[in-house]
Each structure stands twice: as C-alpha cells, then as structure tokens.
Amino acid sequence: MTSTAQRAELQAKIWKIANDVRGSVDGWDFKQFVLGTLFYRFISENFTNYIEGGDDSVNYASYPDNDILPEIKDDAIKTKGYFIYPSQLFVNVAKTANTNTNLNTDLKAIFDAIESSANGYPSEDDIKGLFADFDTTSTRLGNTVEAKNSRLAAVIKGVSELNFGNFEDSEIDLFGDAYEFLISNYAANAGKSGGEFFTPQSVSKLIAQLAMHKQTTVNKIYDPAAGSGSLLLQAKKHFDNHIIEEGFFGQEINHTTYNLARMNMFLHNINYDKFNIVLGDTLRNPQLRDEIKGYDAIVSNPPYSIPWIGDGDPTLINDDRFAPAGVLAPKSKADFAFVLHALSYLSSKGRAALVCFPGIFYRGGAEQKIRKYLVDNNYVETVISLAPNLFYGTSIAVYILVLSKHKPDTKTQFIDVSGEDFFKKVTNNNVLEERHIERIMEIFDSKTDVAHVAVSVDNTVIAENDYNLSVSSYVEAKDSREKVDIVKLNAEIATTVEKINVLRTSIDAIIKEIEA
C-alpha cells in the first residue's frame, strides 16, 4: 500500500487524464471510457499475474496466441471467470494504440471476446455485458474514425503511464481506490445524477458498521439498490474477508451502474464466485432471495421518494414482502417499499441499515400504518438523523433506519447527530470523519441516553405519539439561545439610568448657564 501522498498524486494524475482527454465531451458522458480503460488494464494485469504465477521466467504478454493450450484456457476460466489471450492484453494494445487505424474496432472485438470466453461457464452471468457501456464506436468519442481512435489512444496512453507499483503488494488496492476516486469525483461533479448511484465513503463506512455491528461472521451482505457497489465494498474494507462467508449480493435497476458495480467488485479483488450483482427492478421483480436463511447484513441507499406502481398492481398486497404490513407504500413515494423489502430479506440474527428520506418518519396515511407495523413488531432498533449536505446532489439531512429482528427489549433508540460536533465542513459538502463515526457507533452500541443527542424510548410511548419516528420528536434540541441573568441585567439597567439622569442634570445646568 502506498502512502497517502502517493495515492493523492496518483488520483490527481487520473483526474487530469479524465479532464484533458475528454475535450468538449461532457465529463459525465465520458466517464465510461476512463473507467472502462482502467478496468481493462486491471483485468489484463490481474489475469497475467494469475497465468505467470509469480514465475519471473514467464512473460505471458510475449506468448503467441496459438501457443495457448485449450486445457489452460479452460482451467483459467473456471478460476478467474474469463480468459484473455496475450494479443488482447492491455499492455500489447497500448504499444500500438497511437498508430493503430483500427483501434476502436479492435477494442470492441477484444471486449466481445473477453465476455464470450465465459459462455457456458458458471461465471457467464457475471462477465456478460461488462464492457457494454464502453462503446468504442460512440459518436461521443468523435464523428470520424480518426477522431475516435485519437481520443481512445490518448486515454489508453494516459492510463498505461499510471504507476500502480508492485502488483502483489499494492496494485489491487490502488486500482480499486483509483476507480472509486473517479466514480466519486464524477458523482460530485454531476450533481443529482451522480449522487443517485454513489454513496459518499464516509457515510458508507457508518452504514456498513451499523449493519455488521458485533457480528463476528455474516453469511452474506446484500444491497437491494446496489448502485456502483460502494456500500457493499465498504463492508469488505472495514471487515476481514473471512467473516463474510458467502460474499456480496445486490440488485440494480440502471444498466450502466449495474456494470459499474460488477467492475468495482473485480477491481477490489472479489472473484466472480464471491459476488452476485443482478440487473432488474427490485420492487417489481425481486431476485436473490434466500428463503431459508436470509441475509445477516443489509446496507442500502435507495432512491428517495420515487414513484412506483404500488396499489396499481393489486397482486402486490399479497407479496410476502408487503402483506404483513397490510398496506403498500404510496404510489408517489416508494421509500417504505424498499424498507419492507429489506426487512423481508433480513435474517433472524442480522441488521439492515438504510438511508431514508426524513418525511417517511412522520407523514400520515399508508406510511403511518407501515410505521405502526414496524414498531408494534419491534423491528426498529435505531433512527439516526444525520447532518445536511453529506450526499452529492442533495442538501437535505437524511436519516439512517436500523432494522433488527433480535432486539433484547421493546425500546427504540433515537440519535441526533446533525449538529456541528458530528461533521466537518469540506468545500460544498459536509463529511463524517473517523472520530465522528466512532462516536456515533459508541452511542449506538451503548443505547444510553445522551443529552440533546440520544434517547431510548419505549414503543408504547411511540404508539401514543401516533407512531411518529421523527428524531426531533424525542431528542430534545439544545437551547442555543443566550442565557440572561435577570438580576444582573436589572442592576446594569439601574446603573445606566442613574448615569443618564446625572448626564441629563448636567446638560440642563449647561443650558441654563448659556441662556443666562
């Protein structure tokens, strides 16, 4: 692992490539070419490292394609999930990129070949379509073949010159960090469209720790709105690999971010057999359900208050996820549909930590009925109010809802960490630092009351309060008004009045003297 300074230098170079090469192309539109090239280099070097097996006498990139035996290819696909011939490696394509008049079509053929190498193998679904958004024939690269090739060659050259150090020691972490750096920067610069699929790293850390708190092992971790996979990967970063036994699971409705999530898994050295990211509408077409065990850890930042079909589909009220609540989330606000979905996927020993829009915690109607179901069945462990401006594209102060099916009591904890003691202001956004996360986790773990910050409330009290789960309804806000000492103030006023009277007498005497 390199030092912070080296990492910062690498990230600055990557961002410079992204900006210099794209020219007049919008950065958001151009992101796929930079991210895709970075991914192409990673899997090429990762695959080369696997084939060479640490033997310095082997130089896989120099081998003729025809020398590769079928059994070697078969074994590699079973292990890595895909196959790359020597001529298809990033390093060999980069050598001739500037002079290759067929660069864009050659790249397309290589990407198609890498994807199709998994056909008929267990990894097929994990590899298929990985490069779908890296369209080398796109007009976004230019209107002529020459223009497309020139821009592609520039990106390849820039990425090839990046120094990721020794592969075994640090390259995997650096590739992953670089990839996340690019995604987060694109998200920050794209506003809402970026924030929809990327949860800032500081918030991801908190959510992962909440979901996995005091679990020495979890069977698997799941995100029903996976986005780019940043929340799932934060769980990997925070905990040793061995305690997440079966891997990382998620569903994502957007095709582009679905591909980003799968690439992100590979870039963080999660092999195809340890993750399963699927494409589809989680609410209408849920996948990855484990009927027997459920998931021990669920993390998610689902889209806020998006419309969904709701009671427009009469069959949904009989869906196992929604039926127990007796009501569906409103058509105009699907928030509680995601909450109920997550709850139904949760194991008896697990926790779910979900980012939620604050309005769902106090509004009436169907949302109130769903809150009643959650509270009466003792599923709500904690509701946390975060600071504003933590997320890209929105300034609202969101909540984190922690669900559990194994609470030891019938109380609900409310935590207000929206104050200045729990974030640091950085440019246009606020950030949770490590010390803030540690303090929040201490409060969450202890369940003790902290004046103006945390309180645990019996569920009967919440019922009497119409099942309002808004943090401000239970955590007393700190009185920031200046305290006034009335006795002291009256004494000061009396002194001032006395001085005024003396002054007035003096002025009257002067006026009389003048008039005389």
# chains A, B, ... in the order shown; residues from 1 in each chain; ligands from 1
>>> residues_around(residues="A:Ile156", least_positions_apart="5", cutoff="10 Å", atoms="only C-alpha atoms", output="list in words")
Ile17, Phe33, Val34, Thr37, Leu38, Tyr40, Arg41, Phe90, Val91, Val93, Ala94, Lys95, Ala97, Asn98, Ser150, Arg151 and Glu161 of chain A
>>> residues_around(residues="A:Ile443", least_positions_apart="3", cutoff="12 Å", atoms="only C-alpha atoms", output="PyMOL selection string")
chain A and resi 210+382+384+413-417+436-440+446-451+453-456
>>> residues_around(residues="A:Gly326", least_positions_apart="5", cutoff="10 Å", atoms="only C-alpha atoms", output="list in words")
Ile317, Asn318, Ala366, Lys369, Ile370 and Tyr373 of chain A
>>> select_by_dssp(residues="stretch 380-440 of chain A", states="helix (DSSP H, G or I)", output="NGL selection string")
:A and (420-422 or 434-440)
>>> residues_around(residues="A:Met263", least_positions_apart="4", cutoff="12 Å", atoms="only C-alpha atoms", output="PDB file with N, CA and C atoms, in the first residue's frame")
ATOM      1  N   GLN A  32     -17.403   6.637 -18.814  1.00  0.00           N
ATOM      2  CA  GLN A  32     -17.310   5.205 -19.136  1.00  0.00           C
ATOM      3  C   GLN A  32     -16.000   4.847 -19.823  1.00  0.00           C
ATOM      4  N   LEU A  35     -13.209   4.981 -16.972  1.00  0.00           N
ATOM      5  CA  LEU A  35     -13.427   3.865 -16.051  1.00  0.00           C
ATOM      6  C   LEU A  35     -13.219   2.526 -16.751  1.00  0.00           C
ATOM      7  N   GLY A  36     -13.718   2.429 -17.990  1.00  0.00           N
ATOM      8  CA  GLY A  36     -13.583   1.183 -18.752  1.00  0.00           C
ATOM      9  C   GLY A  36     -12.134   0.856 -19.076  1.00  0.00           C
ATOM     10  N   THR A  37     -11.357   1.873 -19.411  1.00  0.00           N
ATOM     11  CA  THR A  37      -9.937   1.664 -19.719  1.00  0.00           C
ATOM     12  C   THR A  37      -9.178   1.224 -18.470  1.00  0.00           C
ATOM     13  N   LEU A  38      -9.486   1.865 -17.349  1.00  0.00           N
ATOM     14  CA  LEU A  38      -8.859   1.488 -16.086  1.00  0.00           C
ATOM     15  C   LEU A  38      -9.191   0.028 -15.748  1.00  0.00           C
ATOM     16  N   PHE A  39     -10.438  -0.351 -15.974  1.00  0.00           N
ATOM     17  CA  PHE A  39     -10.862  -1.725 -15.700  1.00  0.00           C
ATOM     18  C   PHE A  39     -10.165  -2.708 -16.651  1.00  0.00           C
ATOM     19  N   TYR A  40     -10.063  -2.330 -17.915  1.00  0.00           N
ATOM     20  CA  TYR A  40      -9.411  -3.184 -18.918  1.00  0.00           C
ATOM     21  C   TYR A  40      -7.958  -3.443 -18.523  1.00  0.00           C
ATOM     22  N   ARG A  41      -7.268  -2.382 -18.079  1.00  0.00           N
ATOM     23  CA  ARG A  41      -5.878  -2.576 -17.656  1.00  0.00           C
ATOM     24  C   ARG A  41      -5.828  -3.498 -16.437  1.00  0.00           C
ATOM     25  N   PHE A  42      -6.732  -3.293 -15.486  1.00  0.00           N
ATOM     26  CA  PHE A  42      -6.706  -4.110 -14.265  1.00  0.00           C
ATOM     27  C   PHE A  42      -6.885  -5.595 -14.564  1.00  0.00           C
ATOM     28  N   ILE A  43      -7.934  -5.935 -15.326  1.00  0.00           N
ATOM     29  CA  ILE A  43      -8.176  -7.372 -15.536  1.00  0.00           C
ATOM     30  C   ILE A  43      -7.076  -7.990 -16.392  1.00  0.00           C
ATOM     31  N   ASP A 126     -21.836 -13.199 -14.653  1.00  0.00           N
ATOM     32  CA  ASP A 126     -21.045 -12.150 -14.001  1.00  0.00           C
ATOM     33  C   ASP A 126     -20.165 -11.395 -14.996  1.00  0.00           C
ATOM     34  N   ILE A 127     -19.853 -12.021 -16.124  1.00  0.00           N
ATOM     35  CA  ILE A 127     -18.956 -11.415 -17.115  1.00  0.00           C
ATOM     36  C   ILE A 127     -19.727 -10.769 -18.275  1.00  0.00           C
ATOM     37  N   LYS A 128     -20.872 -11.342 -18.595  1.00  0.00           N
ATOM     38  CA  LYS A 128     -21.638 -10.881 -19.756  1.00  0.00           C
ATOM     39  C   LYS A 128     -21.990  -9.390 -19.650  1.00  0.00           C
ATOM     40  N   GLY A 129     -21.694  -8.643 -20.708  1.00  0.00           N
ATOM     41  CA  GLY A 129     -22.076  -7.227 -20.772  1.00  0.00           C
ATOM     42  C   GLY A 129     -21.228  -6.283 -19.951  1.00  0.00           C
ATOM     43  N   LEU A 130     -20.102  -6.766 -19.412  1.00  0.00           N
ATOM     44  CA  LEU A 130     -19.266  -5.887 -18.571  1.00  0.00           C
ATOM     45  C   LEU A 130     -18.792  -4.646 -19.322  1.00  0.00           C
ATOM     46  N   PHE A 131     -18.514  -4.815 -20.610  1.00  0.00           N
ATOM     47  CA  PHE A 131     -17.995  -3.692 -21.397  1.00  0.00           C
ATOM     48  C   PHE A 131     -19.093  -3.011 -22.233  1.00  0.00           C
ATOM     49  N   ALA A 132     -20.340  -3.308 -21.939  1.00  0.00           N
ATOM     50  CA  ALA A 132     -21.443  -2.805 -22.768  1.00  0.00           C
ATOM     51  C   ALA A 132     -21.462  -1.284 -22.861  1.00  0.00           C
ATOM     52  N   ASP A 133     -21.066  -0.599 -21.793  1.00  0.00           N
ATOM     53  CA  ASP A 133     -21.104   0.871 -21.800  1.00  0.00           C
ATOM     54  C   ASP A 133     -19.819   1.491 -22.325  1.00  0.00           C
ATOM     55  N   PHE A 134     -18.819   0.649 -22.596  1.00  0.00           N
ATOM     56  CA  PHE A 134     -17.571   1.134 -23.187  1.00  0.00           C
ATOM     57  C   PHE A 134     -17.706   1.003 -24.700  1.00  0.00           C
ATOM     58  N   PHE A 175      -5.766   0.090  -7.595  1.00  0.00           N
ATOM     59  CA  PHE A 175      -6.729   0.081  -8.701  1.00  0.00           C
ATOM     60  C   PHE A 175      -8.129   0.374  -8.173  1.00  0.00           C
ATOM     61  N   GLY A 176      -8.490  -0.334  -7.103  1.00  0.00           N
ATOM     62  CA  GLY A 176      -9.821  -0.137  -6.519  1.00  0.00           C
ATOM     63  C   GLY A 176     -10.010   1.274  -6.014  1.00  0.00           C
ATOM     64  N   TYR A 179     -10.368   3.685  -8.906  1.00  0.00           N
ATOM     65  CA  TYR A 179     -11.686   3.542  -9.528  1.00  0.00           C
ATOM     66  C   TYR A 179     -12.748   4.260  -8.705  1.00  0.00           C
ATOM     67  N   GLU A 180     -12.724   4.036  -7.377  1.00  0.00           N
ATOM     68  CA  GLU A 180     -13.693   4.702  -6.514  1.00  0.00           C
ATOM     69  C   GLU A 180     -13.487   6.212  -6.520  1.00  0.00           C
ATOM     70  N   ILE A 183     -15.167   7.491  -9.645  1.00  0.00           N
ATOM     71  CA  ILE A 183     -16.624   7.444  -9.531  1.00  0.00           C
ATOM     72  C   ILE A 183     -17.121   8.561  -8.621  1.00  0.00           C
ATOM     73  N   GLY A 227     -26.436   0.354  -6.858  1.00  0.00           N
ATOM     74  CA  GLY A 227     -25.688   1.442  -7.475  1.00  0.00           C
ATOM     75  C   GLY A 227     -24.348   0.944  -7.989  1.00  0.00           C
ATOM     76  N   SER A 228     -23.270   1.662  -7.663  1.00  0.00           N
ATOM     77  CA  SER A 228     -21.935   1.268  -8.125  1.00  0.00           C
ATOM     78  C   SER A 228     -21.273   0.276  -7.192  1.00  0.00           C
ATOM     79  N   GLY A 229     -21.990  -0.175  -6.165  1.00  0.00           N
ATOM     80  CA  GLY A 229     -21.454  -1.170  -5.244  1.00  0.00           C
ATOM     81  C   GLY A 229     -20.643  -0.601  -4.106  1.00  0.00           C
ATOM     82  N   SER A 230     -20.652   0.728  -3.954  1.00  0.00           N
ATOM     83  CA  SER A 230     -19.787   1.366  -2.953  1.00  0.00           C
ATOM     84  C   SER A 230     -20.125   0.944  -1.528  1.00  0.00           C
ATOM     85  N   LEU A 233     -18.831  -2.643  -0.922  1.00  0.00           N
ATOM     86  CA  LEU A 233     -17.375  -2.669  -0.845  1.00  0.00           C
ATOM     87  C   LEU A 233     -16.857  -2.061   0.448  1.00  0.00           C
ATOM     88  N   THR A 256     -26.178   0.917 -16.618  1.00  0.00           N
ATOM     89  CA  THR A 256     -24.824   1.468 -16.546  1.00  0.00           C
ATOM     90  C   THR A 256     -24.216   1.259 -15.161  1.00  0.00           C
ATOM     91  N   THR A 257     -24.975   1.568 -14.118  1.00  0.00           N
ATOM     92  CA  THR A 257     -24.431   1.416 -12.771  1.00  0.00           C
ATOM     93  C   THR A 257     -24.331  -0.055 -12.365  1.00  0.00           C
ATOM     94  N   TYR A 258     -25.174  -0.884 -12.948  1.00  0.00           N
ATOM     95  CA  TYR A 258     -25.066  -2.341 -12.756  1.00  0.00           C
ATOM     96  C   TYR A 258     -23.706  -2.832 -13.250  1.00  0.00           C
ATOM     97  N   ASN A 259     -23.285  -2.337 -14.412  1.00  0.00           N
ATOM     98  CA  ASN A 259     -21.973  -2.702 -14.930  1.00  0.00           C
ATOM     99  C   ASN A 259     -20.854  -2.132 -14.070  1.00  0.00           C
ATOM    100  N   LEU A 267     -12.374  -5.073  -9.412  1.00  0.00           N
ATOM    101  CA  LEU A 267     -11.288  -4.155  -9.093  1.00  0.00           C
ATOM    102  C   LEU A 267     -10.889  -4.213  -7.628  1.00  0.00           C
ATOM    103  N   HIS A 268     -11.792  -4.684  -6.774  1.00  0.00           N
ATOM    104  CA  HIS A 268     -11.467  -4.839  -5.356  1.00  0.00           C
ATOM    105  C   HIS A 268     -11.148  -6.302  -5.030  1.00  0.00           C
ATOM    106  N   ASN A 269     -10.760  -7.014  -6.092  1.00  0.00           N
ATOM    107  CA  ASN A 269     -10.274  -8.390  -5.961  1.00  0.00           C
ATOM    108  C   ASN A 269     -11.308  -9.350  -5.369  1.00  0.00           C
ATOM    109  N   ILE A 270     -12.565  -9.108  -5.688  1.00  0.00           N
ATOM    110  CA  ILE A 270     -13.619 -10.050  -5.308  1.00  0.00           C
ATOM    111  C   ILE A 270     -13.896 -10.916  -6.533  1.00  0.00           C
ATOM    112  N   ASN A 271     -13.583 -12.186  -6.447  1.00  0.00           N
ATOM    113  CA  ASN A 271     -13.718 -13.073  -7.595  1.00  0.00           C
ATOM    114  C   ASN A 271     -15.194 -13.301  -7.947  1.00  0.00           C
ATOM    115  N   TYR A 272     -15.439 -13.736  -9.179  1.00  0.00           N
ATOM    116  CA  TYR A 272     -16.809 -13.872  -9.673  1.00  0.00           C
ATOM    117  C   TYR A 272     -17.669 -14.784  -8.801  1.00  0.00           C
ATOM    118  N   PHE A 275     -19.378 -12.879  -5.581  1.00  0.00           N
ATOM    119  CA  PHE A 275     -20.373 -11.805  -5.683  1.00  0.00           C
ATOM    120  C   PHE A 275     -21.446 -12.193  -6.697  1.00  0.00           C
ATOM    121  N   ASN A 276     -22.607 -11.610  -6.498  1.00  0.00           N
ATOM    122  CA  ASN A 276     -23.703 -11.813  -7.445  1.00  0.00           C
ATOM    123  C   ASN A 276     -24.505 -10.522  -7.521  1.00  0.00           C
ATOM    124  N   ILE A 277     -24.198  -9.718  -8.530  1.00  0.00           N
ATOM    125  CA  ILE A 277     -24.919  -8.466  -8.771  1.00  0.00           C
ATOM    126  C   ILE A 277     -25.843  -8.709  -9.962  1.00  0.00           C
TER     127      ILE A 277
END
>>> atom_distance(atom1="atom CA of A:Pro388", atom2="atom CA of A:Ala352")
22.1 Å
>>> atom_distance(atom1="atom CA of A:Thr96", atom2="atom CA of A:Val145")
16.1 Å
>>> residues_around(residues="A:Tyr295", least_positions_apart="5", cutoff="10 Å", atoms="only C-alpha atoms", output="list of chain:residue names")
A:Val218, A:Asn219, A:Lys220, A:Ile221, A:Tyr222, A:Asp223, A:Phe249, A:Arg289, A:Asp290, A:Ala342, A:Leu343, A:Ser344, A:Tyr345, A:Leu346, A:Ser347, A:Ser348, A:Lys349, A:Gly350, A:Arg351, A:Ala352
>>> closest_residue(among="A:Leu107, A:Ala397, A:Val355, A:Leu469", to="A:Leu374", atoms="only C-alpha atoms")
A:Leu469
>>> atom_distance(atom1="atom CA of A:His406", atom2="atom CA of A:Asp296")
11.5 Å
>>> residues_around(residues="A:Pro86", least_positions_apart="5", cutoff="7 Å", atoms="only C-alpha atoms", output="CSV table (one decimal) with N, CA and C atoms, in the first residue's frame")
chain,number,residue,atom,x,y,z
A,60,TYR,N,3.9,-13.8,-20.1
A,60,TYR,CA,2.7,-14.1,-20.8
A,60,TYR,C,2.4,-13.2,-22.0
A,61,ALA,N,2.7,-11.9,-21.8
A,61,ALA,CA,2.3,-10.9,-22.9
A,61,ALA,C,3.1,-11.2,-24.2
A,62,SER,N,4.2,-11.9,-24.1
A,62,SER,CA,5.0,-12.2,-25.3
A,62,SER,C,4.7,-13.5,-26.0
A,63,TYR,N,3.8,-14.3,-25.4
A,63,TYR,CA,3.4,-15.6,-26.0
A,63,TYR,C,2.5,-15.4,-27.2
A,64,PRO,N,2.7,-16.2,-28.3
A,64,PRO,CA,1.8,-16.2,-29.4
A,64,PRO,C,0.5,-16.8,-28.9
A,65,ASP,N,-0.6,-16.3,-29.4
A,65,ASP,CA,-1.9,-16.8,-29.0
A,65,ASP,C,-2.1,-18.3,-29.3
>>> residues_around(residues="A:Pro122", least_positions_apart="5", cutoff="9 Å", atoms="only C-alpha atoms", output="count of residues only")
4
>>> closest_residue(among="A:Phe422, A:Phe338, A:Tyr121, A:Tyr474", to="A:Asp74", atoms="only C-alpha atoms")
A:Tyr121
>>> closest_residue(among="A:Tyr379, A:Tyr50, A:Tyr362, A:Tyr85", to="A:Asp67", atoms="only C-alpha atoms")
A:Tyr85
>>> select_by_dssp(residues="stretch 381-455 of chain A", states="strand (DSSP E)", output="list in words")
Glu381, Thr382, Val383, Ile384, Ser385, Tyr399, Ile400, Leu401, Val402, Leu403, Ser404, Lys411, Thr412, Gln413, Phe414, Ile415, Asp416, Lys424, Lys425, Val426, Asn429, Asn430, Val431, Ala454 and Val455 of chain A
